[in-house]
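Student: Here's a structure for you.
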Amino acid sequence: MRSVLLLSILLILFSGSHFSAEAAPRIPKHPDQALIRNVIHGFPGWKLNSSGRCAQMRQSGLWAWKIVLERNIDPAIKSSASLNGKGYIIIVIVPDVGIDPGRDLIEHLDWNMPGNDLVQYTAYLGRGKGYYWYMKSDIGRLNSFSSALGLRGGDNMNRMMAEALNVIDYKLYTSRVAVEYFRNKGPDVVPLILKSMESWKQSEKQLPLQHLFALKLTGSTVAGEALMKIAASRNHTMAHQALQLLVEPPYLATESFYRKVLRVPEYTDKTVQIFRERKQYSLILDDLRKILKKPRSLKQYADALAAVREFQNPAAFTEIPEYAAVNHIMYQVMRMGDTPDTIRYVAIEGQGQGSTKKLDEHERRRIQPYLDVLKKSQDMEAAFAAGLALATFSPVEKEIAKEYILRIRKIGIEILQMLPTEIAINKIDDLLGSVRNPKEQNLLRLVKSEYLRR
C-alpha cells in the first residue's frame with residue numbers, strides 16, 4: 001500500500017493571467033524543514049510516511065508539497081475502512097509568494113489513501129505561516145490543525161461542521177466533534193444547524209439529538225427560539241429533549257416560556273431554580289400557588305410547596321424544618337444492606353434467631369427528635385407533605401432493600417397520623433383528584449387506607 005502513497009510530480013496548467021512569471025524568482029526550492037518537523041510533532045502518535053513535491057505550476061514554477069502521516073489503527077475498531085490497518089493524514093502546502101493557488105488546486109491533486117477509521121474530509125484550510133494549506137483528515141483534526149496555525153480564508157468550517165452533524169461513524173466521533181465545535185459560536189451558525197437537522201429528519205428515524213445539543217451550545221437567543229419552537233412540537237419525545245436542554249444553563253428561553261414550563265411536573269424543580277438564580281421570586285409565586293392547588297404529581301406538589309415557602313420571604317429563608325426532619329429520619333433508619341454498596345448485617349440473639357429488636361429500639365431513639373419536630377410543627381401542610389413523601393416512598397433503584405422501603409413508609413404513615421384527620425384525608429383526596437400517574441394514585445389510596453386504620 002505504500003506505493004499508493006508514493007509522491008509524483010504533476011504538471012498542472014493554469015492561466016497565465018493568474019500566475020505571473022514575475023513571482024518565480026521569489027519561490028523557494030523547498031519548504032522550511034523546521035515547519036515540516038513542527039507539523040509532524042503536531043500529531044502525537046503519528047509518524048511520517050512520505051514528504052516531497054507533488055505538483056508544479058508550469059508557467060510560474062510554483063510547487064505544492066505533500067506530507068503524508070500514518071498511524072496504526074486499533075484492531076478493535078470494527079468499523080474501520082482501512083485496507084492495511086493504518087490511518088493517514090495528507091497535508092499539502094504551497095508557498096505564499098503572491099500567487100494564490102485557490103481552492104481549485106484540490107481537484108488537481110492525488111488524495112487517494114488505502115482507507116481510514118473515520119470519515120475523511122478534504123479541505124482548503126487557508127493561508128498562514130508563509131503557506132497555503134490543504135488537508136485530508138477527519139473533521140476534528142482538520143479544525144484543530146487549522147485553529148492551531150491560525151489559518152484564514154479557507155473553506156467554511158461552520159458549514160462543514162453543520163453537515164458533519166449528520167455523519168454516523170465509529171463511536172459517533174465526527175458528529176460529537178461537530179457538536180462541540182458549535183460551543184459559543186453565536187447566532188450566525190443556527191440556520192446551518194437547522195438546515196442540517198432537516199436533512200437528517202428526511203433520511204433518519206432517530207431523533208436529531210446532536211443538532212439539539214449543537215443549538216444549545218451556541219449559547220444564542222436565536223438558538224433558544226428554535227429550541228422553544230421544537231419544545232412546542234407535536235413530537236412529544238423531541239419536545240421533551242428540547243425542554244431538557246432549555247432548563248439547563250445557559251437559559252436561552254424567554255421568561256414567559258419558563259413560566260409555562262413551570263406547570264410541567266418533570267421540570268417544575270429546575271424551572272424554580274432558573275427563577276431563583278434570577279432572583280425573580282415574586283414573579284412566579286402566584287403560579288406556584290396555583291400548582292399547589294392542583295399538582296399533577298407528588299413530586300411537583302413537594303417541589304411547589306418548598307418553593308412557595310422559600311419565595312414568600314427569600315431573604316430570611318434557610319430551610320423547611322419539616323423537610324429537613326424527614327431527610328434525617330431516612331438517613332438514621334438506613335441499615336447495612338439496605339443499599340447495593342453495603343453488606344447486609346443481621347443481629348443474632350437467643351438460639352440463633354435473627355432479630356432486629358435492639359436495632360429498632362436504637363433507631364427509634366435516634367429519630368425521635370425529628371418526629372417531635374414534625375409533631376410540634378405549626379406548618380400543617382409542610383408536615384403533611386413531609387409525611388406523605390415517606391409514606392409514598394418508591395425509589396427508582398431496584399437494588400434498594402424492600403425492608404428499608406417498608407420501614408420508611410411505616411414512619412410516613414405515623415407522621416400523617418399525627419395530623420388532624422380532616423387535614424390529612426382532605427389533602428389526600430385533593431391529590432387523588434389532580435395527580436395523573438396511576439401508580440401514584442394507587443399509592444395515595446394505600447396511604448389513605450393505612451391512615452384510617454389507626
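Going through the C-alpha cells in order, the chains are called A, B, and so on, while each chain numbers its residues from 1 and the ligands are numbered from 1 in the order shown.
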Just the residues within 12 Å of Glu363 (chain A), please, counting only C-alpha atoms, with nothing from its chain fewer than 5 positions along; format it as a VMD selection string.
Tutor: chain A and resid 328 to 335 356 to 358 368 to 371 407 to 408 411
Student: Would you mind listing what lies within 7 Å of Ala386 (chain A) as a list in words, with only C-alpha atoms counted and same-chain residues fewer than 4 positions away left out?
Tutor: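 In the requested form, the answer reads Glu322, Tyr323, Val326, Ala382 and Leu390 of chain A.
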Student: May I have the residues from that selection written out with C-alpha atoms, as an mmCIF file, in the first residue's frame?
Tutor:
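Writing the result to part_38.cif gives the following:
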data_model
loop_
_atom_site.group_PDB
_atom_site.id
_atom_site.type_symbol
_atom_site.label_atom_id
_atom_site.label_comp_id
_atom_site.auth_asym_id
_atom_site.auth_seq_id
_atom_site.Cartn_x
_atom_site.Cartn_y
_atom_site.Cartn_z
ATOM 1 C CA GLU A 322 -40.267 19.500 58.257
ATOM 2 C CA TYR A 323 -38.430 18.537 55.065
ATOM 3 C CA VAL A 326 -37.679 13.572 57.203
ATOM 4 C CA ALA A 382 -45.339 21.123 55.260
ATOM 5 C CA LEU A 390 -42.123 8.974 53.330
#
Student: Name the residues of region 186-427 of chain A that come out as strand (DSSP E or B) in a backbone DSSP run; write them as a PyMOL selection string.
Tutor: chain A and resi 348-349+353-354
Student: Any idea what's packed within 12 Å of Pro420 (chain A), counting only C-alpha atoms, ignoring anything in its chain fewer than 3 positions away? Could you give it as number ranges by chain?
Tutor: A: 375, 380-381, 383-384, 415-417, 423-427, 451-452
Student: Okay, now the selection with C-alpha atoms, as a short mmCIF file (atom, residue, chain, number, x, y, z; two decimals), in the first residue's frame?
Tutor:
data_model
loop_
_atom_site.label_atom_id
_atom_site.label_comp_id
_atom_site.auth_asym_id
_atom_site.auth_seq_id
_atom_site.Cartn_x
_atom_site.Cartn_y
_atom_site.Cartn_z
CA LYS A 375 -45.44 16.69 65.77
CA MET A 380 -49.50 21.64 58.84
CA GLU A 381 -49.12 21.42 55.07
CA ALA A 383 -45.72 18.38 57.88
CA PHE A 384 -48.27 16.64 55.67
CA ILE A 415 -46.25 11.16 60.78
CA LEU A 416 -49.51 11.61 58.87
CA GLN A 417 -51.44 10.15 61.80
CA ILE A 423 -56.47 17.86 57.15
CA ALA A 424 -54.76 14.60 56.16
CA ILE A 425 -57.74 12.90 54.46
CA ASN A 426 -58.96 16.03 52.69
CA LYS A 427 -55.49 16.66 51.33
CA TYR A 451 -54.08 6.12 57.77
CA LEU A 452 -57.68 5.21 58.56
#
Student: Once DSSP has gone over the backbone, tell me which residues of region 33-134 of chain A are in helix (DSSP H, G or I), as a list of chain:residue names.
Tutor: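 Selection result, helix (DSSP H, G or I) within region 33-134 of chain A: A:Gln33, A:Ala34, A:Leu35, A:Ile36, A:Arg37, A:Asn38, A:Val39, A:Ile40, A:His41, A:Arg103, A:Asp104, A:Leu105, A:Ile106, A:Glu107, A:His108.
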Student: Neighbouring residues of region 63-68 of chain A were defined as those with any atom within 9 Å, considering only C-alpha atoms; residues of the same chain fewer than 5 positions away were excluded. Please report them as a list in words.
Tutor: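 After dropping sequence-adjacent residues, the list is Leu5, Leu7, Ile27, Lys29, His30, Pro31, Ile36, Val39, Ile40, Lys47, Leu48, Asn49, Ser50, Ser51, Gly52, Arg53, Cys54, Ala55, Gln56, Met57, Tyr88, Ile89, Ile90, Ile91, Val92, Ile93, Val94 and Pro95 of chain A.
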Student: Within 12 Å of Val247 (chain A), counting only C-alpha atoms, which residues show up once you throw out same-chain ones fewer than 4 positions away? Write them as a ChimeraX atom specification, please.
Tutor: /A:216,224,227-228,231,240-243,251-255,257-262,264,266-275
Student: Could you please determine the separation between CA of Ile139 (chain A) and CA of Pro250 (chain A) in Å, to one decimal place?
Tutor: 26.7 Å
Student: Just give me the gap between CA of Leu109 (chain A) and CA of Ala162 (chain A) in Å, one decimal is fine.
Tutor: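 Spanning CA of Leu109 (chain A) to CA of Ala162 (chain A) is a straight-line distance of 25.9 Å.
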Student: May I have the residues within 12 Å of Met238 (chain A) as a PyMOL selection string, using only C-alpha atoms and disregarding those fewer than 4 positions away in the same chain?
Tutor: chain A and resi 201+205-212+227-234+242-245
Student: Since we have the selection now, will you write its residues out, keeping C-alpha atoms, as a short mmCIF file (atom, residue, chain, number, x, y, z; two decimals), in the first residue's frame?
Tutor:
data_model
loop_
_atom_site.label_atom_id
_atom_site.label_comp_id
_atom_site.auth_asym_id
_atom_site.auth_seq_id
_atom_site.Cartn_x
_atom_site.Cartn_y
_atom_site.Cartn_z
CA LYS A 201 -35.00 14.11 9.61
CA LYS A 205 -35.69 7.80 12.02
CA GLN A 206 -33.69 8.60 15.15
CA LEU A 207 -34.14 11.91 16.94
CA PRO A 208 -31.67 14.65 15.88
CA LEU A 209 -30.21 14.86 19.37
CA GLN A 210 -26.83 16.07 18.12
CA HIS A 211 -28.48 19.02 16.39
CA LEU A 212 -30.40 19.96 19.52
CA LEU A 227 -35.49 25.12 20.74
CA MET A 228 -38.68 26.71 22.09
CA LYS A 229 -40.38 26.02 18.77
CA ILE A 230 -39.22 22.40 18.90
CA ALA A 231 -40.40 22.13 22.52
CA ALA A 232 -43.90 23.06 21.33
CA SER A 233 -43.94 20.44 18.56
CA ARG A 234 -46.35 17.51 18.42
CA ALA A 242 -35.66 20.35 23.76
CA LEU A 243 -37.21 21.12 27.14
CA GLN A 244 -34.45 19.25 28.96
CA LEU A 245 -31.88 21.44 27.24
#
Student: From the list A:Tyr131, A:Tyr281, A:Tyr124, A:Phe182, which residue is nearest Leu35 (chain A) when using only C-alpha atoms?
Tutor: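 Among the listed residues, A:Tyr131 lies closest to Leu35 (chain A).
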Student: Quick check, in Å to one decimal: how far apart do CA of Tyr301 (chain A) and CA of Ile284 (chain A) lie?
Tutor: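 Value for the CA of Tyr301 (chain A)-CA of Ile284 (chain A) distance: 15.2 Å.
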